[in-house]
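Student: Below is the file run.txt, with compact mmCIF, C-alpha atoms.
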# COMPACT_ATOMS: atom_id res chain seq x y z
CA MET A 69 -28.16 -8.03 -73.28
CA SER A 70 -25.45 -10.02 -71.52
CA VAL A 71 -25.22 -13.74 -72.14
CA SER A 72 -24.37 -15.93 -69.14
CA ARG A 73 -21.77 -18.67 -69.46
CA PRO A 74 -23.29 -22.10 -70.07
CA ARG A 75 -23.06 -24.31 -67.04
CA PRO A 76 -21.16 -27.14 -68.75
CA ALA A 77 -18.51 -24.64 -69.88
CA ALA A 78 -18.19 -23.28 -66.34
CA ARG A 79 -17.79 -26.81 -64.97
CA ARG A 80 -15.05 -27.56 -67.48
CA LEU A 81 -13.32 -24.31 -66.56
CA ALA A 82 -13.47 -25.21 -62.86
CA ALA A 83 -12.11 -28.68 -63.65
CA ALA A 84 -9.17 -27.20 -65.57
CA LEU A 85 -8.39 -24.74 -62.77
CA LEU A 86 -8.43 -27.46 -60.11
CA LEU A 87 -6.29 -29.81 -62.19
CA LEU A 88 -3.69 -27.13 -62.86
CA GLY A 89 -3.78 -26.24 -59.18
CA ALA A 90 -3.09 -29.86 -58.27
CA VAL A 91 -0.09 -29.94 -60.60
CA ALA A 92 1.32 -26.70 -59.16
CA TYR A 93 0.74 -27.97 -55.62
CA THR A 94 3.05 -30.93 -56.31
CA ALA A 95 5.98 -28.79 -57.49
CA TRP A 96 7.95 -30.08 -54.49
CA VAL A 97 8.59 -33.33 -56.43
CA LEU A 98 11.24 -31.34 -58.31
CA GLU A 99 13.49 -32.04 -55.33
CA LEU A 100 13.81 -35.57 -56.71
CA VAL A 101 15.78 -34.23 -59.68
CA ILE A 102 17.10 -30.91 -58.36
CA ALA A 103 19.53 -30.66 -55.44
CA THR A 104 17.91 -28.49 -52.77
CA GLY A 105 20.26 -29.17 -49.87
CA LEU A 106 17.34 -30.34 -47.69
CA ASP A 107 16.62 -33.88 -46.54
CA PRO A 108 13.12 -34.83 -47.79
CA VAL A 109 12.77 -37.36 -44.96
CA ARG A 110 13.21 -34.67 -42.30
CA ALA A 111 12.39 -31.28 -43.83
CA TYR A 112 9.06 -29.49 -43.99
CA VAL A 113 7.77 -29.01 -47.51
CA SER A 114 7.54 -25.28 -46.76
CA GLU A 115 11.27 -25.19 -45.99
CA LEU A 116 11.87 -25.50 -49.73
CA ALA A 117 10.35 -22.02 -50.02
CA ALA A 118 12.28 -20.50 -47.10
CA ALA A 119 13.78 -17.07 -47.71
CA ASP A 120 17.36 -18.34 -47.35
CA GLN A 121 17.00 -21.28 -49.75
CA PRO A 122 18.47 -20.98 -53.26
CA LEU A 123 15.26 -22.20 -54.91
CA GLY A 124 12.93 -20.52 -52.45
CA GLY A 125 11.57 -18.08 -55.02
CA LEU A 126 10.58 -20.91 -57.36
CA PHE A 127 8.64 -22.81 -54.72
CA ARG A 128 7.00 -19.67 -53.36
CA ALA A 129 5.80 -18.89 -56.88
CA THR A 130 4.36 -22.39 -57.42
CA ASP A 131 2.57 -22.24 -54.06
CA LEU A 132 1.06 -18.88 -54.99
CA VAL A 133 -0.10 -20.17 -58.38
CA ALA A 134 -1.52 -23.35 -56.82
CA GLY A 135 -3.49 -21.42 -54.21
CA LEU A 136 -4.93 -18.93 -56.69
CA LEU A 137 -5.91 -21.66 -59.16
CA VAL A 138 -7.69 -23.73 -56.52
CA LEU A 139 -9.41 -20.63 -55.13
CA ALA A 140 -10.65 -19.70 -58.61
CA GLY A 141 -11.79 -23.27 -59.27
CA ALA A 142 -13.67 -23.48 -55.97
CA LEU A 143 -15.48 -20.22 -56.75
CA THR A 144 -16.26 -21.18 -60.35
CA ALA A 145 -17.59 -24.69 -59.73
CA PRO A 146 -20.85 -23.73 -57.93
CA ALA A 147 -21.57 -21.12 -60.62
CA GLY A 148 -21.42 -23.94 -63.16
CA GLY A 149 -24.02 -25.99 -61.36
CA ALA A 150 -21.29 -28.35 -60.14
CA GLY A 151 -23.30 -29.75 -57.29
CA PRO A 152 -25.07 -33.04 -56.82
CA ARG A 153 -28.41 -33.30 -58.61
CA GLY A 154 -31.81 -34.33 -57.46
CA PRO A 155 -33.72 -37.37 -58.67
CA ALA A 156 -35.16 -35.43 -61.59
CA GLY A 157 -31.69 -34.29 -62.69
CA SER A 158 -32.14 -30.60 -61.96
CA PRO A 159 -29.18 -28.78 -60.33
CA ARG A 160 -29.73 -28.05 -56.66
CA ALA A 161 -26.24 -27.15 -55.43
CA GLU A 162 -27.53 -23.91 -53.96
CA ARG A 163 -29.83 -25.82 -51.62
CA GLN A 164 -27.38 -28.53 -50.57
CA PRO A 165 -25.39 -27.50 -47.51
CA TRP A 166 -22.81 -30.30 -47.85
CA ALA A 167 -21.74 -29.17 -51.32
CA VAL A 168 -21.88 -25.46 -50.47
CA ALA A 169 -19.76 -25.96 -47.34
CA GLY A 170 -17.35 -28.16 -49.26
CA TRP A 171 -16.69 -25.55 -51.94
CA ALA A 172 -16.28 -22.89 -49.24
CA ALA A 173 -13.72 -25.08 -47.45
CA LEU A 174 -11.84 -25.62 -50.71
CA ALA A 175 -11.81 -21.87 -51.30
CA LEU A 176 -10.34 -21.46 -47.80
CA PHE A 177 -7.62 -23.96 -48.69
CA GLY A 178 -6.76 -22.09 -51.88
CA GLY A 179 -6.74 -18.67 -50.26
CA ALA A 180 -4.66 -19.82 -47.28
CA THR A 181 -2.17 -21.57 -49.57
CA ALA A 182 -1.71 -18.38 -51.60
CA LEU A 183 -1.26 -16.39 -48.38
CA ASP A 184 1.18 -19.02 -47.11
CA SER A 185 3.46 -18.33 -50.07
CA ARG A 186 3.65 -14.66 -49.06
CA LEU A 187 4.68 -15.55 -45.49
CA PRO A 188 7.78 -17.71 -45.98
CA LEU A 189 10.03 -19.03 -43.28
CA SER A 190 13.26 -17.07 -42.90
CA CYS A 191 15.35 -20.26 -42.60
CA ALA A 192 15.03 -24.06 -42.54
CA PRO A 193 14.82 -25.26 -38.91
CA THR A 194 15.08 -29.00 -39.61
CA GLY A 195 18.28 -28.57 -41.62
CA ASP A 196 19.91 -25.71 -39.72
CA PRO A 197 20.49 -26.14 -35.95
CA VAL A 198 21.08 -22.40 -35.57
CA CYS A 199 17.70 -21.69 -37.17
CA ALA A 200 16.05 -24.26 -34.91
CA ALA A 201 17.62 -22.69 -31.81
CA ARG A 202 16.53 -19.21 -32.87
CA GLU A 203 13.01 -20.47 -33.50
CA THR A 204 12.87 -22.11 -30.06
CA ALA A 205 14.11 -18.90 -28.44
CA GLY A 206 11.57 -16.80 -30.35
CA LEU A 207 14.26 -14.88 -32.23
CA VAL A 208 12.89 -15.50 -35.71
CA PRO A 209 10.67 -13.04 -37.63
CA ALA A 210 6.95 -12.98 -36.97
CA THR A 211 6.41 -14.57 -40.37
CA HIS A 212 7.25 -17.95 -38.79
CA THR A 213 4.18 -17.71 -36.56
CA ALA A 214 2.04 -16.27 -39.35
CA HIS A 215 3.21 -19.06 -41.65
CA ALA A 216 2.22 -21.68 -39.09
CA VAL A 217 -1.26 -20.15 -38.84
CA SER A 218 -1.79 -19.92 -42.62
CA SER A 219 -0.49 -23.47 -43.12
CA SER A 220 -2.87 -24.76 -40.44
CA LEU A 221 -5.80 -22.96 -42.08
CA ALA A 222 -4.87 -24.41 -45.47
CA MET A 223 -4.79 -27.99 -44.22
CA LEU A 224 -7.97 -27.48 -42.19
CA GLY A 225 -9.71 -26.24 -45.33
CA ALA A 226 -8.36 -29.15 -47.37
CA LEU A 227 -9.52 -31.74 -44.83
CA ALA A 228 -12.95 -30.14 -44.51
CA ALA A 229 -13.35 -30.02 -48.30
CA LEU A 230 -12.34 -33.68 -48.62
CA VAL A 231 -14.94 -34.75 -46.07
CA LEU A 232 -17.79 -32.43 -47.09
CA LEU A 233 -17.62 -32.96 -50.85
CA THR A 234 -17.26 -36.72 -50.40
CA VAL A 235 -20.36 -36.77 -48.20
CA ALA A 236 -22.22 -34.68 -50.80
CA ALA A 237 -21.25 -37.12 -53.55
CA ARG A 238 -22.38 -40.16 -51.56
CA ARG A 239 -25.64 -38.62 -50.36
CA HIS A 240 -26.87 -37.40 -53.73
CA GLY A 241 -25.57 -39.99 -56.20
CA GLN A 242 -23.52 -37.51 -58.23
CA TRP A 243 -19.78 -37.82 -58.95
CA PRO A 244 -19.60 -41.64 -58.68
CA ALA A 245 -15.78 -41.68 -58.79
CA LEU A 246 -15.63 -39.29 -55.83
CA ALA A 247 -18.24 -41.31 -53.96
CA ARG A 248 -16.15 -44.45 -54.48
CA PHE A 249 -12.58 -43.24 -53.96
CA GLY A 250 -13.26 -40.28 -51.66
CA PRO A 251 -13.62 -42.25 -48.39
CA PRO A 252 -10.26 -44.08 -48.64
CA LEU A 253 -8.55 -40.83 -49.62
CA VAL A 254 -10.11 -39.09 -46.61
CA LEU A 255 -8.92 -41.85 -44.27
CA ALA A 256 -5.41 -41.76 -45.75
CA GLU A 257 -5.32 -37.97 -45.43
CA LEU A 258 -6.37 -38.15 -41.78
CA ALA A 259 -3.65 -40.72 -41.09
CA ALA A 260 -1.00 -38.58 -42.84
CA THR A 261 -2.17 -35.51 -40.92
CA LEU A 262 -1.91 -37.31 -37.58
CA TRP A 263 1.56 -38.51 -38.55
CA THR A 264 2.62 -34.97 -39.42
CA LEU A 265 1.23 -33.49 -36.22
CA ALA A 266 2.95 -36.13 -34.08
CA ALA A 267 6.23 -35.55 -35.91
CA VAL A 268 5.97 -31.78 -35.45
CA ALA A 269 5.35 -32.27 -31.72
CA ALA A 270 8.36 -34.60 -31.48
CA PHE A 271 10.61 -32.13 -33.32
CA THR A 272 9.42 -29.25 -31.15
CA ALA A 273 10.21 -31.29 -28.05
CA ASP A 274 13.68 -32.09 -29.44
CA ARG A 275 12.89 -35.80 -29.79
CA GLY A 276 13.78 -36.20 -33.44
CA THR A 277 11.72 -35.64 -36.56
CA TRP A 278 9.89 -39.00 -36.82
CA ALA A 279 10.22 -38.79 -40.63
CA LEU A 280 8.36 -35.48 -40.59
CA GLY A 281 9.17 -34.81 -44.23
CA VAL A 282 7.71 -38.10 -45.42
CA GLY A 283 4.48 -37.62 -43.48
CA GLN A 284 3.95 -34.08 -44.70
CA ARG A 285 4.78 -34.94 -48.31
CA LEU A 286 2.25 -37.75 -48.17
CA GLN A 287 -0.25 -35.27 -46.73
CA VAL A 288 0.11 -32.75 -49.55
CA LEU A 289 0.31 -35.46 -52.22
CA LEU A 290 -3.07 -36.86 -51.14
CA VAL A 291 -4.60 -33.39 -51.32
CA ALA A 292 -3.29 -33.04 -54.88
CA LEU A 293 -4.73 -36.45 -55.81
CA TYR A 294 -8.08 -35.42 -54.38
CA LEU A 295 -8.04 -32.20 -56.40
CA ALA A 296 -7.31 -34.18 -59.56
CA LEU A 297 -10.15 -36.62 -58.77
CA LEU A 298 -12.54 -33.74 -58.16
CA ALA A 299 -11.48 -32.13 -61.44
CA GLY A 300 -12.27 -35.35 -63.27
CA CYS A 301 -15.72 -35.48 -61.69
CA LEU A 302 -16.46 -31.93 -62.78
CA ALA A 303 -15.28 -32.60 -66.31
CA ARG A 304 -17.46 -35.71 -66.63
CA PRO A 305 -20.49 -35.28 -64.36
CA GLY A 306 -22.87 -38.18 -63.93
CA GLY A 307 -24.57 -40.26 -61.32
CA ALA A 308 -27.01 -42.94 -60.48
CA ALA A 309 -30.04 -40.86 -61.42
CA ALA A 310 -28.61 -40.10 -64.85
CA ARG A 311 -27.73 -43.76 -65.46
CA ARG A 312 -31.22 -44.88 -64.45
CA ALA A 313 -32.78 -42.31 -66.78
CA ALA A 314 -30.62 -43.54 -69.65
CA ALA A 315 -31.34 -47.21 -68.96
CA HIS A 316 -35.09 -46.77 -68.43
CA PRO A 317 -36.37 -43.90 -70.59
CA HIS A 318 -39.92 -42.75 -70.13
CA PRO A 319 -42.32 -44.73 -72.37
CA ALA A 320 -43.69 -42.77 -75.29
CA ALA A 321 -47.38 -41.94 -75.39
CA PRO A 322 -49.38 -44.26 -77.69
CA ALA A 323 -49.83 -42.85 -81.16
CA ALA A 324 -53.30 -41.78 -82.24
CA PRO A 325 -54.84 -43.93 -84.97
CA ALA A 326 -54.35 -42.60 -88.46
CA ALA A 327 -57.30 -40.75 -89.87
CA GLY A 328 -58.98 -42.33 -92.91
CA PRO A 329 -62.19 -42.16 -94.93
CA PRO A 330 -65.32 -43.16 -93.05
CA ASN A 331 -66.64 -46.65 -93.58
CA PRO A 332 -69.48 -46.76 -96.11
CA PRO A 333 -72.95 -47.34 -94.66
CA THR A 334 -74.15 -50.91 -94.64
CA LEU A 335 -77.15 -51.36 -96.95
CA PRO A 336 -79.99 -53.63 -95.81
CA ASN A 337 -80.41 -56.94 -97.64
CA PRO A 338 -83.17 -56.83 -100.33
CA PRO A 339 -86.37 -58.65 -99.39
CA THR A 340 -86.64 -62.23 -100.58
CA PRO A 341 -89.54 -62.61 -103.03
CA PRO A 342 -92.26 -65.13 -102.19
CA ARG A 343 -91.76 -68.60 -103.56
CA GLY A 344 -93.19 -68.98 -107.05
CA GLU A 345 -92.96 -65.32 -108.11
CA PRO A 346 -90.40 -64.44 -110.79
For the file at hand, write its structure as structure tokens.

Tutor:
Amino acid sequence: MSVSRPRPAARRLAAALLLLGAVAYTAWVLELVIATGLDPVRAYVSELAAADQPLGGLFRATDLVAGLLVLAGALTAPAGGAGPRGPAGSPRAERQPWAVAGWAALALFGGATALDSRLPLSCAPTGDPVCAARETAGLVPATHTAHAVSSSLAMLGALAALVLLTVAARRHGQWPALARFGPPLVLAELAATLWTLAAVAAFTADRGTWALGVGQRLQVLLVALYLALLAGCLARPGGAAARRAAAHPHPAAPAAPAAGPPNPPTLPNPPTPPRGEP
């Protein structure tokens, strides 16, 4: 007879996968100590993994690992009962659409990120005017278009997961850290995404880059922080219902009185003899 994995063990596994995925997703910070030849203020993060870049293979590998780890974590977490709990403390993730949709969106992010690594740019348009001109003229390989689609799907999945899982945490009282820090992270991610989209539009229109690299690096850094926060919540689940149960345990039933020997019968008082009789 097969033995199913205990739910706490599955949650810890999902937490480890997501945390490792977050670390791999921030591999671009290596550009702070390794010369890449690209300007981090202007360049796309994905240009580090372009086919003509000397370290492109390294960054394509880290993107692939990050995507697969997050995909595995998003698929493992629901199996471990990693959803908000009801008032009685019983897992109900299967019946909570916010949590289910959130894990699905995170799986989309992981899968699209892994696919993104297999569809690299052929050159770096922000650092190579010839590459930019070829891209504008449509003379680059079809992988440029495919890469744009997979990147868009990845960020769409990340944004949806941020919003949906944060809503699930706030509605059901589980994952208190996510309920507290999720909303500001979501707002910051939306702002970074708008910055990135505006910068991409400006670059496409030949109006400069508007610090495109900074905006996109902030965007992916916030996603990594969110993954780390989510991993911490899975590793240490808890919520308002659990805290209330610990602070106010159910009162114990009154103990039955101890059994003992029956009381002896009370004997009647002897009759008082008449006065004068011995």

Student: Using all atoms listed in the file, find the one residue out of A:Cys301, A:Arg285, A:Leu86, A:Gly276 that sits nearest to A:Ser114.

Tutor: A:Arg285

Student: With distances taken over all atoms listed in the file, which of A:Leu302, A:Leu189, A:Ala237, A:Val138 is nearest to A:Ala222?

Tutor: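 Of A:Leu302, A:Leu189, A:Ala237, A:Val138, the one nearest A:Ala222, counting all atoms listed in the file, is A:Val138.
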
Student: Return the single residue from A:Gly135, A:Gln242, A:Gly250, A:Ala119 that is closest to A:Leu187, with distances computed using all atoms listed in the file.

Tutor: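 Nearest candidate to A:Leu187 out of A:Gly135, A:Gln242, A:Gly250, A:Ala119: A:Ala119.
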
Student: Counting all atoms listed in the file, what is within 10 Å of A:Ala103, bar same-chain residues fewer than 5 positions away, as a list in words?

Tutor: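 Counting only the stated atoms, we get Leu98, Pro122 and Leu123 of chain A.
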
Student: Store the residues picked out above, limited to C-alpha atoms, as a PDB file, in the frame of the given file.

Tutor:
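Output file out_24.pdb follows:
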ATOM      1  CA  LEU A  98      11.240 -31.340 -58.310  1.00  0.00           C
ATOM      2  CA  PRO A 122      18.470 -20.980 -53.260  1.00  0.00           C
ATOM      3  CA  LEU A 123      15.260 -22.200 -54.910  1.00  0.00           C
TER       4      LEU A 123
END

Student: Which residues are near A:Leu132? Cut-off 6 Å, all atoms listed in the file, ignore same chain within fewer than 2 positions. Put them as a ChimeraX atom specification.

Tutor: /A:129-130,134-135,182,185

Student: Got a sec: who's within 12 Å of A:Leu295, counting all atoms listed in the file, leaving out chain neighbours fewer than 6 positions off, as a PyMOL selection string?

Tutor: chain A and resi 82-94+134-135+137-139+141-142+171+174+177-178+226-227+229-230+233-234+246+250+253+288-289+301-302

Student: Contacts between stretch 254-273 of chain A and stretch 281-310 of chain A, please, where a residue of stretch 281-310 of chain A counts if it comes within 7 Å (with all atoms listed in the file); show its shortest atom pair and distance in Å to one decimal, rows by chain and ascending number, as JSON lines.

Tutor:
{"residue": "A:Gly283", "atom": "CA", "partner": "A:Thr264", "partner_atom": "CA", "distance": 5.2}
{"residue": "A:Gln284", "atom": "CA", "partner": "A:Thr264", "partner_atom": "CA", "distance": 5.5}
{"residue": "A:Leu286", "atom": "CA", "partner": "A:Ala260", "partner_atom": "CA", "distance": 6.3}
{"residue": "A:Gln287", "atom": "CA", "partner": "A:Ala260", "partner_atom": "CA", "distance": 5.2}
{"residue": "A:Leu290", "atom": "CA", "partner": "A:Glu257", "partner_atom": "CA", "distance": 6.2}

Student: Can you list, as a list in words, every protein, DNA or RNA residue that comes within 12 Å of stretch 198-200 of chain A when you count all atoms listed in the file, leaving out same-chain residues fewer than 2 positions away?

Tutor: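 These residues fall inside the cut-off: Ala111, Glu115, Ala118, Asp120, Leu189, Ser190, Cys191, Ala192, Pro193, Thr194, Gly195, Asp196, Arg202, Glu203, Thr204, Ala205, Gly206, Leu207, Val208, Pro209, His212, Phe271, Thr272, Ala273 and Asp274 of chain A.
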
Student: Hey, can you spit out that residue selection with C-alpha atoms as a CSV table (one decimal), keeping the file's coordinate frame?

Tutor:
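What follows is the written file out.csv:
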chain,number,residue,atom,x,y,z
A,111,ALA,CA,12.4,-31.3,-43.8
A,115,GLU,CA,11.3,-25.2,-46.0
A,118,ALA,CA,12.3,-20.5,-47.1
A,120,ASP,CA,17.4,-18.3,-47.4
A,189,LEU,CA,10.0,-19.0,-43.3
A,190,SER,CA,13.3,-17.1,-42.9
A,191,CYS,CA,15.4,-20.3,-42.6
A,192,ALA,CA,15.0,-24.1,-42.5
A,193,PRO,CA,14.8,-25.3,-38.9
A,194,THR,CA,15.1,-29.0,-39.6
A,195,GLY,CA,18.3,-28.6,-41.6
A,196,ASP,CA,19.9,-25.7,-39.7
A,202,ARG,CA,16.5,-19.2,-32.9
A,203,GLU,CA,13.0,-20.5,-33.5
A,204,THR,CA,12.9,-22.1,-30.1
A,205,ALA,CA,14.1,-18.9,-28.4
A,206,GLY,CA,11.6,-16.8,-30.4
A,207,LEU,CA,14.3,-14.9,-32.2
A,208,VAL,CA,12.9,-15.5,-35.7
A,209,PRO,CA,10.7,-13.0,-37.6
A,212,HIS,CA,7.2,-18.0,-38.8
A,271,PHE,CA,10.6,-32.1,-33.3
A,272,THR,CA,9.4,-29.2,-31.2
A,273,ALA,CA,10.2,-31.3,-28.0
A,274,ASP,CA,13.7,-32.1,-29.4

Student: Please report the interatomic distance between atom CA of A:Pro252 and atom CA of A:Tyr294 in Å with one decimal.

Tutor: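 Atom CA of A:Tyr294 lies at a distance of 10.6 Å from atom CA of A:Pro252.
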
Student: State, in Å with one decimal place, the distance from atom CA of A:Val109 to atom CA of A:Ala296.

Tutor: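 Pair atom CA of A:Val109 / atom CA of A:Ala296 returns 25.0 Å.
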
Student: Tell me, in Å to one decimal, how far atom CA of A:Pro197 is from atom CA of A:Val113.

Tutor: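 These atoms are spaced 17.4 Å apart.
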
Student: Nearest to A:Leu143 among A:Leu116, A:Ala292, A:Val97, A:Ala78, with distances taken over all atoms listed in the file: which residue is it?

Tutor: A:Ala78
